[in-house]
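Dropping final.cif in here (mmCIF, C-alpha atoms (C1' of nucleotides) and all ligand atoms):
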```cif
data_upload
loop_
_atom_site.label_atom_id
_atom_site.label_comp_id
_atom_site.auth_asym_id
_atom_site.auth_seq_id
_atom_site.Cartn_x
_atom_site.Cartn_y
_atom_site.Cartn_z
CA MET A 11 2.90 3.29 -3.84
CA LEU A 12 0.27 3.22 -1.11
CA ARG A 13 -2.40 1.33 -3.01
CA LEU A 14 -5.84 0.67 -1.69
CA SER A 15 -7.00 -2.91 -2.34
CA THR A 16 -9.88 -3.51 -4.74
CA LYS A 17 -11.88 -4.80 -1.80
CA GLY A 18 -11.80 -1.39 -0.17
CA GLN A 19 -12.56 0.43 -3.40
CA TYR A 20 -15.45 -1.85 -4.32
CA GLY A 21 -16.73 -1.59 -0.77
CA VAL A 22 -16.97 2.18 -0.95
CA ARG A 23 -18.64 2.02 -4.34
CA ALA A 24 -21.11 -0.56 -3.08
CA MET A 25 -21.94 1.57 -0.07
CA PHE A 26 -22.51 4.47 -2.39
CA GLU A 27 -25.03 2.44 -4.39
CA ILE A 28 -26.89 1.43 -1.25
CA ALA A 29 -26.93 5.04 -0.11
CA ARG A 30 -28.15 6.20 -3.48
CA GLY A 31 -31.01 3.71 -3.40
CA ILE A 32 -32.35 4.84 -0.03
CA SER A 33 -35.63 6.15 -1.43
CA ARG A 34 -36.29 2.92 -3.33
CA GLY A 35 -35.77 0.68 -0.29
CA PRO A 36 -33.24 -2.19 -0.10
CA THR A 37 -30.67 -2.50 -2.86
CA THR A 38 -29.81 -6.03 -4.04
CA ILE A 39 -26.35 -7.38 -4.64
CA LYS A 40 -27.28 -7.94 -8.24
CA GLU A 41 -28.12 -4.28 -8.76
CA ILE A 42 -24.87 -3.17 -7.18
CA SER A 43 -23.01 -5.68 -9.30
CA GLU A 44 -24.49 -4.34 -12.51
CA ARG A 45 -24.06 -0.68 -11.66
CA GLN A 46 -20.53 -0.95 -10.38
CA ASP A 47 -19.12 -3.77 -12.50
CA VAL A 48 -18.16 -6.05 -9.66
CA SER A 49 -19.02 -9.76 -9.50
CA VAL A 50 -21.90 -10.88 -7.30
CA ALA A 51 -19.73 -13.45 -5.52
CA TYR A 52 -17.10 -10.91 -4.57
CA LEU A 53 -19.70 -8.42 -3.41
CA GLU A 54 -21.26 -11.05 -1.14
CA GLN A 55 -17.97 -11.32 0.67
CA ILE A 56 -17.53 -7.59 0.95
CA LEU A 57 -21.07 -6.75 2.02
CA ASN A 58 -21.02 -9.54 4.57
CA THR A 59 -18.04 -7.95 6.24
CA LEU A 60 -19.73 -4.57 6.26
CA ARG A 61 -22.93 -6.05 7.66
CA LYS A 62 -21.10 -7.79 10.49
CA ALA A 63 -19.46 -4.47 11.23
CA GLY A 64 -22.88 -2.91 11.59
CA LEU A 65 -22.61 -0.42 8.74
CA ILE A 66 -25.44 -1.95 6.74
CA SER A 67 -28.21 -4.41 7.50
CA SER A 68 -29.78 -6.95 5.23
CA VAL A 69 -33.32 -7.91 4.36
CA ARG A 70 -33.78 -11.46 3.14
CA GLY A 71 -36.23 -12.95 0.73
CA PRO A 72 -37.97 -11.41 -2.28
CA GLY A 73 -37.88 -7.64 -2.25
CA GLY A 74 -34.89 -7.80 0.06
CA GLY A 75 -31.40 -6.40 -0.23
CA TYR A 76 -29.22 -4.06 1.81
CA VAL A 77 -29.93 -0.80 3.59
CA LEU A 78 -27.68 1.57 5.51
CA SER A 79 -27.73 1.20 9.28
CA ARG A 80 -27.26 4.94 9.75
CA SER A 81 -27.78 8.01 7.63
CA PRO A 82 -25.18 8.71 4.91
CA GLU A 83 -23.55 11.66 6.69
CA LYS A 84 -22.81 9.40 9.64
CA ILE A 85 -20.92 6.80 7.62
CA SER A 86 -17.38 7.89 6.81
CA ILE A 87 -15.19 6.47 4.08
CA GLY A 88 -12.65 5.74 6.78
CA ALA A 89 -15.12 3.58 8.67
CA ILE A 90 -15.83 1.52 5.56
CA LEU A 91 -12.18 1.04 4.69
CA ARG A 92 -11.16 0.14 8.22
CA GLU A 93 -13.59 -2.76 8.21
CA LEU A 94 -12.41 -4.07 4.87
CA GLU A 95 -8.69 -3.39 5.10
CA GLY A 96 -7.87 -2.97 8.74
CA PRO A 97 -6.55 0.17 10.40
CA VAL A 98 -4.48 2.76 8.56
CA ALA A 99 -0.91 1.62 9.18
CA ILE A 100 1.72 2.97 6.81
CA THR A 101 4.24 0.60 8.36
CA SER A 102 3.86 -2.61 10.34
CA CYS A 103 5.40 -0.72 13.26
CA LEU A 104 2.28 1.43 13.40
CA ASP A 105 -0.19 -1.42 13.25
CA PRO A 106 -1.74 -1.95 16.68
CA ARG A 107 -1.92 -5.66 15.83
CA GLU A 108 1.82 -5.85 15.27
CA GLY A 109 4.15 -3.25 16.73
CA CYS A 110 7.87 -2.64 16.77
CA LEU A 111 10.80 -3.01 19.11
CA ARG A 112 12.94 -0.21 17.72
CA VAL A 113 10.35 2.55 18.07
CA ASP A 114 12.43 4.54 20.51
CA GLY A 115 15.19 6.18 18.60
CA CYS A 116 13.69 5.40 15.21
CA VAL A 117 13.98 8.51 13.05
CA THR A 118 11.17 7.69 10.69
CA HIS A 119 8.58 6.61 13.21
CA LEU A 120 7.13 10.07 13.85
CA LEU A 121 7.07 10.73 10.15
CA TRP A 122 4.93 7.71 9.30
CA LYS A 123 2.76 8.33 12.30
CA ALA A 124 2.01 11.89 11.23
CA LEU A 125 1.29 10.80 7.67
CA GLY A 126 -1.05 8.10 8.90
CA GLU A 127 -2.97 10.55 11.06
CA ASN A 128 -3.18 12.95 8.17
CA ILE A 129 -4.70 10.26 5.94
CA GLU A 130 -7.04 9.01 8.61
CA SER A 131 -8.51 12.41 9.35
CA PHE A 132 -9.11 12.92 5.66
CA LEU A 133 -10.95 9.62 5.37
CA ASP A 134 -12.91 10.09 8.57
CA ASP A 135 -14.03 13.52 7.52
CA MET A 136 -15.39 12.34 4.17
CA THR A 137 -18.78 10.60 4.27
CA LEU A 138 -21.24 8.89 1.98
CA LYS A 139 -23.24 12.09 1.96
CA ASP A 140 -20.30 13.88 0.35
CA LEU A 141 -20.16 11.17 -2.29
CA LEU A 142 -23.87 11.57 -2.99
CA GLU A 143 -23.45 15.31 -3.33
CA GLY A 144 -20.43 14.78 -5.54
CA ASN A 145 -22.56 12.60 -7.75
CA ASP A 146 -25.31 15.23 -7.95
CA LEU A 147 -22.63 17.71 -8.85
CA MET A 148 -21.42 15.62 -11.75
CA ALA A 149 -24.99 15.08 -12.94
CA THR A 150 -25.84 18.76 -12.85
CA GLN A 151 -22.54 20.10 -14.04
CA ARG A 152 -22.56 22.77 -16.71
CA ARG A 153 -26.03 23.89 -15.65
CA GLY A 154 -24.99 26.62 -13.27
CA ARG A 155 -26.42 25.05 -10.14
CA ARG A 156 -25.03 25.62 -6.70
CA GLN A 157 -22.28 23.13 -5.85
CA PRO A 158 -21.93 21.35 -2.51
CA GLU A 159 -19.09 22.85 -0.55
CA LYS A 160 -16.81 19.97 0.36
CA ILE A 161 -16.84 18.45 -3.08
CA ARG A 162 -16.17 21.77 -4.71
CA MET A 163 -13.10 22.01 -2.54
CA LEU A 164 -12.04 18.60 -3.76
CA HIS A 165 -12.54 19.77 -7.27
CA LYS A 166 -10.26 22.73 -6.77
CA SER A 167 -7.43 20.87 -5.12
CA MET B 11 -4.52 -0.43 4.86
CA LEU B 12 -2.24 1.71 2.71
CA ARG B 13 1.04 0.08 3.60
CA LEU B 14 4.39 1.30 2.46
CA SER B 15 6.65 -1.53 1.27
CA THR B 16 9.79 -2.34 3.26
CA LYS B 17 11.80 -1.28 0.25
CA GLY B 18 10.53 2.26 0.60
CA GLN B 19 10.98 2.33 4.35
CA TYR B 20 14.51 0.94 4.19
CA GLY B 21 15.30 3.34 1.41
CA VAL B 22 14.39 6.35 3.53
CA ARG B 23 16.34 5.03 6.49
CA ALA B 24 19.36 4.35 4.29
CA MET B 25 19.21 7.86 2.88
CA PHE B 26 19.06 9.18 6.40
CA GLU B 27 22.26 7.31 7.28
CA ILE B 28 24.03 8.68 4.23
CA ALA B 29 22.84 12.19 5.11
CA ARG B 30 23.97 11.76 8.69
CA GLY B 31 27.44 10.72 7.57
CA ILE B 32 28.03 13.76 5.38
CA SER B 33 30.85 15.11 7.51
CA ARG B 34 32.65 11.76 7.54
CA GLY B 35 32.57 11.36 3.76
CA PRO B 36 31.06 8.37 1.90
CA THR B 37 28.97 5.90 3.89
CA THR B 38 29.38 2.21 3.01
CA ILE B 39 26.58 -0.26 2.55
CA LYS B 40 27.96 -2.25 5.43
CA GLU B 41 27.67 0.69 7.81
CA ILE B 42 24.10 1.34 6.77
CA SER B 43 23.33 -2.33 7.14
CA GLU B 44 24.62 -2.41 10.69
CA ARG B 45 23.00 0.81 11.82
CA GLN B 46 19.63 0.14 10.28
CA ASP B 47 19.35 -3.64 10.54
CA VAL B 48 18.89 -4.34 6.86
CA SER B 49 20.83 -6.96 4.89
CA VAL B 50 23.69 -5.84 2.68
CA ALA B 51 22.25 -7.66 -0.34
CA TYR B 52 18.89 -5.96 -0.08
CA LEU B 53 20.47 -2.55 0.42
CA GLU B 54 22.54 -3.06 -2.72
CA GLN B 55 19.35 -3.36 -4.69
CA ILE B 56 17.77 -0.33 -3.05
CA LEU B 57 20.76 1.98 -3.24
CA ASN B 58 21.33 1.06 -6.85
CA THR B 59 17.86 2.23 -7.73
CA LEU B 60 18.43 5.48 -5.87
CA ARG B 61 21.78 6.00 -7.55
CA LYS B 62 20.32 5.47 -11.03
CA ALA B 63 17.66 8.01 -10.09
CA GLY B 64 20.39 10.50 -9.30
CA LEU B 65 19.61 10.97 -5.63
CA ILE B 66 22.96 9.61 -4.47
CA SER B 67 26.26 8.92 -6.13
CA SER B 68 28.75 6.21 -5.41
CA VAL B 69 32.47 6.11 -4.85
CA ARG B 70 34.11 2.78 -5.60
CA GLY B 71 37.10 1.13 -4.07
CA PRO B 72 38.56 1.36 -0.57
CA GLY B 73 37.31 4.37 1.33
CA GLY B 74 34.32 4.48 -0.97
CA GLY B 75 30.62 4.36 -0.31
CA TYR B 76 27.64 6.57 -1.05
CA VAL B 77 27.13 10.32 -0.80
CA LEU B 78 24.10 12.50 -1.42
CA SER B 79 23.91 14.15 -4.83
CA ARG B 80 22.25 17.24 -3.34
CA SER B 81 22.01 18.78 0.09
CA PRO B 82 19.59 17.13 2.55
CA GLU B 83 16.99 19.89 2.41
CA LYS B 84 16.69 19.36 -1.32
CA ILE B 85 15.89 15.66 -1.09
CA SER B 86 12.30 15.01 -0.14
CA ILE B 87 10.91 11.79 1.27
CA GLY B 88 8.49 11.80 -1.64
CA ALA B 89 11.32 11.80 -4.15
CA ILE B 90 12.92 8.78 -2.47
CA LEU B 91 9.69 6.82 -2.30
CA ARG B 92 8.69 7.58 -5.86
CA GLU B 93 11.90 6.00 -7.12
CA LEU B 94 11.49 2.88 -5.03
CA GLU B 95 7.75 2.37 -5.19
CA GLY B 96 6.51 4.33 -8.17
CA PRO B 97 4.13 7.28 -8.08
CA VAL B 98 1.54 7.75 -5.36
CA ALA B 99 -1.52 6.02 -6.78
CA ILE B 100 -4.22 5.08 -4.31
CA THR B 101 -5.98 3.18 -7.07
CA SER B 102 -4.80 1.75 -10.37
CA CYS B 103 -7.10 4.26 -12.04
CA LEU B 104 -4.82 7.02 -10.80
CA ASP B 105 -1.59 5.43 -11.90
CA PRO B 106 -0.28 7.24 -14.97
CA ARG B 107 1.14 3.91 -16.10
CA GLU B 108 -2.29 2.27 -16.07
CA GLY B 109 -5.41 4.41 -16.19
CA CYS B 110 -9.13 3.76 -16.26
CA LEU B 111 -12.00 3.76 -18.69
CA ARG B 112 -14.78 4.62 -16.26
CA VAL B 113 -13.23 7.81 -14.93
CA ASP B 114 -16.02 10.01 -16.22
CA GLY B 115 -18.99 9.49 -13.98
CA CYS B 116 -17.03 7.59 -11.34
CA VAL B 117 -18.08 8.89 -7.94
CA THR B 118 -14.97 7.91 -6.09
CA HIS B 119 -12.40 9.14 -8.56
CA LEU B 120 -12.17 12.69 -7.22
CA LEU B 121 -12.00 11.34 -3.71
CA TRP B 122 -8.96 9.16 -4.32
CA LYS B 123 -7.36 11.87 -6.38
CA ALA B 124 -7.66 14.40 -3.58
CA LEU B 125 -6.34 11.94 -1.03
CA GLY B 126 -3.39 11.14 -3.25
CA GLU B 127 -2.53 14.80 -3.68
CA ASN B 128 -2.82 15.32 0.05
CA ILE B 129 -0.36 12.50 0.70
CA GLU B 130 2.01 13.59 -2.00
CA SER B 131 2.26 17.17 -0.78
CA PHE B 132 3.00 15.85 2.70
CA LEU B 133 5.80 13.65 1.41
CA ASP B 134 7.23 16.26 -0.92
CA ASP B 135 7.31 18.83 1.85
CA MET B 136 9.28 16.60 4.21
CA THR B 137 13.00 16.32 3.54
CA LEU B 138 16.07 14.53 4.82
CA LYS B 139 16.96 17.73 6.65
CA ASP B 140 13.79 17.40 8.69
CA LEU B 141 14.73 13.83 9.58
CA LEU B 142 18.19 14.97 10.67
CA GLU B 143 16.65 17.66 12.84
CA GLY B 144 14.17 15.18 14.22
CA ASN B 145 17.07 12.96 15.14
CA ASP B 146 18.88 15.81 16.89
CA LEU B 147 15.66 16.51 18.71
CA MET B 148 15.45 12.96 20.02
CA ALA B 149 19.10 13.02 21.04
CA THR B 150 18.78 16.29 22.95
CA GLN B 151 15.36 15.70 24.39
CA ARG B 152 14.87 16.40 28.08
CA ARG B 153 17.68 18.97 28.05
CA GLY B 154 15.59 22.05 27.34
CA ARG B 155 17.13 22.86 23.98
CA ARG B 156 15.30 24.62 21.22
CA GLN B 157 13.38 22.24 18.97
CA PRO B 158 13.30 22.42 15.17
CA GLU B 159 9.92 23.74 14.03
CA LYS B 160 8.58 21.21 11.56
CA ILE B 161 9.42 18.23 13.71
CA ARG B 162 7.89 19.82 16.76
CA MET B 163 4.72 20.15 14.77
CA LEU B 164 4.91 16.48 13.97
CA HIS B 165 5.33 15.77 17.62
CA LYS B 166 2.23 17.70 18.52
CA SER B 167 -0.03 16.13 15.92
"C1'" DT C 11 -44.00 -24.55 -1.88
"C1'" DA C 12 -41.32 -22.42 -5.18
"C1'" DA C 13 -38.87 -18.47 -6.16
"C1'" DT C 14 -36.03 -14.85 -4.30
"C1'" DA C 15 -32.22 -13.12 -1.90
"C1'" DG C 16 -28.83 -13.17 1.44
"C1'" DC C 17 -25.24 -16.33 4.35
"C1'" DC C 18 -21.06 -18.89 4.86
"C1'" DG C 19 -16.69 -21.43 4.48
"C1'" DA C 20 -13.25 -23.19 1.58
"C1'" DG C 21 -10.22 -23.05 -1.98
"C1'" DT C 22 -7.14 -21.33 -5.73
"C1'" DA C 23 -4.71 -18.76 -9.34
"C1'" DA C 24 -2.15 -14.73 -9.94
"C1'" DT C 25 0.55 -11.19 -8.32
"C1'" DT C 26 3.55 -8.73 -5.41
"C1'" DC C 27 6.75 -8.58 -1.83
"C1'" DT C 28 10.92 -9.48 0.36
"C1'" DG C 29 14.54 -10.83 0.02
"C1'" DT C 30 19.07 -13.98 -1.53
"C1'" DC C 31 22.93 -15.29 -4.60
"C1'" DA C 32 26.69 -15.43 -7.77
"C1'" DA C 33 29.62 -13.33 -10.68
"C1'" DG C 34 31.10 -9.25 -12.12
"C1'" DT C 35 33.82 -4.16 -12.47
"C1'" DA C 36 36.23 -0.11 -10.66
"C1'" DT C 37 39.52 1.97 -7.39
"C1'" DT C 38 43.22 2.42 -4.40
"C1'" DA C 39 46.91 1.22 -0.96
"C1'" DG C 40 51.18 -0.86 -0.75
"C1'" DC D 19 51.34 -5.29 -10.14
"C1'" DT D 20 48.27 -7.14 -7.02
"C1'" DA D 21 45.31 -7.75 -3.29
"C1'" DA D 22 41.73 -5.86 -0.80
"C1'" DT D 23 37.78 -2.99 -0.79
"C1'" DA D 24 33.38 -1.64 -2.38
"C1'" DC D 25 29.98 -0.91 -5.60
"C1'" DT D 26 27.21 -3.28 -9.93
"C1'" DT D 27 24.14 -6.30 -12.15
"C1'" DG D 28 20.78 -9.75 -13.26
"C1'" DA D 29 18.50 -13.70 -12.06
"C1'" DC D 30 15.84 -16.17 -9.09
"C1'" DA D 31 12.91 -18.12 -5.33
"C1'" DG D 32 10.02 -18.57 -1.23
"C1'" DA D 33 6.37 -16.25 1.36
"C1'" DA D 34 2.59 -13.50 1.69
"C1'" DT D 35 -1.23 -11.17 -0.04
"C1'" DT D 36 -4.74 -10.24 -3.30
"C1'" DA D 37 -8.54 -11.02 -5.88
"C1'" DC D 38 -11.33 -13.52 -6.71
"C1'" DT D 39 -14.64 -18.23 -7.54
"C1'" DC D 40 -17.55 -22.09 -6.02
"C1'" DG D 41 -20.93 -24.91 -3.78
"C1'" DG D 42 -24.22 -25.46 -0.69
"C1'" DC D 43 -27.10 -23.43 2.95
"C1'" DT D 44 -30.88 -20.45 5.38
"C1'" DA D 45 -34.54 -17.13 5.68
"C1'" DT D 46 -38.62 -14.78 3.65
"C1'" DT D 47 -42.55 -14.14 1.04
"C1'" DA D 48 -45.93 -14.42 -2.81
S1 LIG E 1 11.60 0.39 12.80
FE1 LIG E 1 9.69 0.22 13.85
S2 LIG E 1 9.31 2.28 14.34
FE2 LIG E 1 11.04 2.50 13.04
S1 LIG E 2 -13.29 2.99 -11.62
FE1 LIG E 2 -11.49 3.99 -12.45
S2 LIG E 2 -11.82 6.00 -11.76
FE2 LIG E 2 -13.42 4.98 -10.72
#
```
Just give me the structure as structure tokens.
Amino acid sequence: MLRLSTKGQYGVRAMFEIARGISRGPTTIKEISERQDVSVAYLEQILNTLRKAGLISSVRGPGGGYVLSRSPEKISIGAILRELEGPVAITSCLDPREGCLRVDGCVTHLLWKALGENIESFLDDMTLKDLLEGNDLMATQRRGRRQPEKIRMLHKS
Amino acid sequence: MLRLSTKGQYGVRAMFEIARGISRGPTTIKEISERQDVSVAYLEQILNTLRKAGLISSVRGPGGGYVLSRSPEKISIGAILRELEGPVAITSCLDPREGCLRVDGCVTHLLWKALGENIESFLDDMTLKDLLEGNDLMATQRRGRRQPEKIRMLHKS
DNA sequence: TAATAGCCGAGTAATTCTGTCAAGTATTAG
DNA sequence: CTAATACTTGACAGAATTACTCGGCTATTA
């Protein structure tokens, strides 16, 4: 229950790759494809959506690729997913693009609403920076280094 | 993003109706159908699943219907949804029935896992009793009565 | 000017969702 | 006993969504 589509998942992983490549300049679709095991054609579609949303910008021609429009800590996972999958809406009744007639007097409405807000604040609080730190953590694990706070909390839970 | 299927939603609403009818004895499919606007045929499918799962039991013949197997505070929304929609699994990688080969070294794995656990604890903490109290709350609103705690918290959030 | 790299719209196969339908079985009132 | 009530079961089908692929185009630069 409550699956995320592959589009959303791949989107987050692609954004992570672009974020990770910051120091090397633009990251190409091909590189992302190889590192994350997603086809080039599918990534084109996904990255195009994210570019139109203003989360990344593209550089054409040789040496080109994609770069983040803002710094990693300013791009939340929620922002990425919203562009690719629309707003968090546990039920169609809660989707601003749809709506419901029976809202008043519906016992479950508040329940789904609260759950949705819970999920959304989680996703909006987590950013690409946290993912980068989580990756560092994995790379340096078992070496006694200091662990980034938010990810360590994830690890515990 | 992250939609709940209608099956799960209807299932929760049906369980609420059965819980609400406790004092009157078994609740028939037809009654649930009328009160919750869901077809009898579809409810048959849903309630059968819930019965096989042991959440409700059925009484056949005239005067029959469905009753809860346990008291409302012992039936969580999570338990209902798990039967109808399978385990919470944001990604296929987290579904115990599927799994993933790239788990080690996957940056997003911990993220989805933590989100899933967050959702699950929310759903497991909320019970039919809370829905019943929420319903009372709606019915008595604007009359200055005392409001049940958990639902009032929902209302605030 | 050729190679690189992103841009764009359409289309399609597979899967999942959202139900319906028909033919049963069990129980009870009369 | 029998008729009415109500749940039981399995199959099936249309609609919607997902998860992609494909072909051709445009911009940039060495
Ligand atoms: S049916 Fe739409 S809010 Fe409950
Ligand atoms: S790809 Fe399966 S856990 Fe990340």
Practice item. Find the spatial neighbours of Gly96 (chain A), counting all atoms listed in the file, within a cut-off of 10 Å - ignore same-chain residues fewer than 4 positions away - and output them as a PyMOL selection string. Key: (chain A and resi 18+89-92+105+107) or (chain B and resi 11-12)
Please produce a file of the residues just selected, as a PDB file, keeping the file's coordinate frame, where the atoms kept are C-alpha atoms.
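Now in out.pdb:
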```
ATOM      1  CA  GLY A  18     -11.800  -1.390  -0.170  1.00  0.00           C
ATOM      2  CA  ALA A  89     -15.120   3.580   8.670  1.00  0.00           C
ATOM      3  CA  ILE A  90     -15.830   1.520   5.560  1.00  0.00           C
ATOM      4  CA  LEU A  91     -12.180   1.040   4.690  1.00  0.00           C
ATOM      5  CA  ARG A  92     -11.160   0.140   8.220  1.00  0.00           C
ATOM      6  CA  ASP A 105      -0.190  -1.420  13.250  1.00  0.00           C
ATOM      7  CA  ARG A 107      -1.920  -5.660  15.830  1.00  0.00           C
TER       8      ARG A 107
ATOM      9  CA  MET B  11      -4.520  -0.430   4.860  1.00  0.00           C
ATOM     10  CA  LEU B  12      -2.240   1.710   2.710  1.00  0.00           C
TER      11      LEU B  12
END
```
Considering only C-alpha atoms and all ligand atoms, give me a table of residues in chain A that are at most 10 Å from ligand LIG 1 (chain E), with the closest atom pair and distance in Å for each, as CSV.
```
residue,atom,partner,partner_atom,distance
A:Thr101,CA,E:LIG1,FE1,7.7
A:Ser102,CA,E:LIG1,FE1,7.4
A:Cys103,CA,E:LIG1,FE1,4.4
A:Leu104,CA,E:LIG1,S2,7.1
A:Gly109,CA,E:LIG1,FE1,7.1
A:Cys110,CA,E:LIG1,FE1,4.5
A:Leu111,CA,E:LIG1,FE1,6.3
A:Arg112,CA,E:LIG1,FE1,5.1
A:Val113,CA,E:LIG1,S2,3.9
A:Asp114,CA,E:LIG1,S2,7.3
A:Gly115,CA,E:LIG1,FE2,7.9
A:Cys116,CA,E:LIG1,FE2,4.5
A:Val117,CA,E:LIG1,FE2,6.7
A:Thr118,CA,E:LIG1,FE2,5.7
A:His119,CA,E:LIG1,S2,4.5
A:Leu120,CA,E:LIG1,S2,8.1
A:Leu121,CA,E:LIG1,FE2,9.6
A:Trp122,CA,E:LIG1,S2,8.6
A:Lys123,CA,E:LIG1,S2,9.1
```
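Nearest to chain D of all the residues B:Lys139, B:Lys17, B:Lys40, B:Arg80 is B:Lys40, based on all atoms listed in the file.
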Select, as a short mmCIF file (atom, residue, chain, number, x, y, z; two decimals) with C-alpha atoms (C1' of nucleotides), keeping the file's coordinate frame, those residues of chain C with any atom no more than 6 Å from chain A (distances computed using all atoms listed in the file).
```cif
data_model
loop_
_atom_site.label_atom_id
_atom_site.label_comp_id
_atom_site.auth_asym_id
_atom_site.auth_seq_id
_atom_site.Cartn_x
_atom_site.Cartn_y
_atom_site.Cartn_z
"C1'" DT C 14 -36.03 -14.85 -4.30
"C1'" DA C 15 -32.22 -13.12 -1.90
"C1'" DG C 16 -28.83 -13.17 1.44
#
```
Review point. Could you pull the residues within 12 Å of DT11 (chain C), counting all atoms listed in the file, minus those fewer than 2 positions along the same chain, as a VMD selection string?
Key: (chain C and resid 13) or (chain D and resid 47 to 48)
Which residues come within 12 Å of DG21 (chain C), counting all atoms listed in the file, excluding same-chain residues fewer than 2 positions away, as a short mmCIF file (atom, residue, chain, number, x, y, z; two decimals) with C-alpha atoms (C1' of nucleotides), in the frame of the given file?
```
data_model
loop_
_atom_site.label_atom_id
_atom_site.label_comp_id
_atom_site.auth_asym_id
_atom_site.auth_seq_id
_atom_site.Cartn_x
_atom_site.Cartn_y
_atom_site.Cartn_z
"C1'" DG C 19 -16.69 -21.43 4.48
"C1'" DA C 23 -4.71 -18.76 -9.34
"C1'" DC D 38 -11.33 -13.52 -6.71
"C1'" DT D 39 -14.64 -18.23 -7.54
"C1'" DC D 40 -17.55 -22.09 -6.02
"C1'" DG D 41 -20.93 -24.91 -3.78
#
```
Practice item. Provide as a ChimeraX atom specification the residues of chain D at most 9 Å from chain B, counting all atoms listed in the file. Key: /D:22-26
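With distances restricted to all atoms listed in the file, A:Ile100 is the closest residue to chain B from A:Leu147, A:Val48, A:Ile100, A:Leu138.
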Point to revise | Distance in Å - CA of Pro82 (chain A) versus CA of Asp134 (chain A) | key: 12.9 Å
Where's the centre, and what are the edge lengths in Å to one decimal, of a box along x, y and z enclosing all listed atoms of region 16-29 of chain C padded 4 Å per side, as lines of an AutoDock Vina configuration file?
```
center_x = -7.1
center_y = -15.9
center_z = -2.5
size_x = 51.4
size_y = 22.6
size_z = 22.8
```
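Rounded to one decimal, CA of Met136 (chain B) and CA of Ile129 (chain A) lie 15.4 Å from each other.
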Review point. Between B:Arg45, B:Lys84, B:Lys62, B:Arg34, which has the minimum distance to chain A (counting all atoms listed in the file)?
Key: B:Arg45
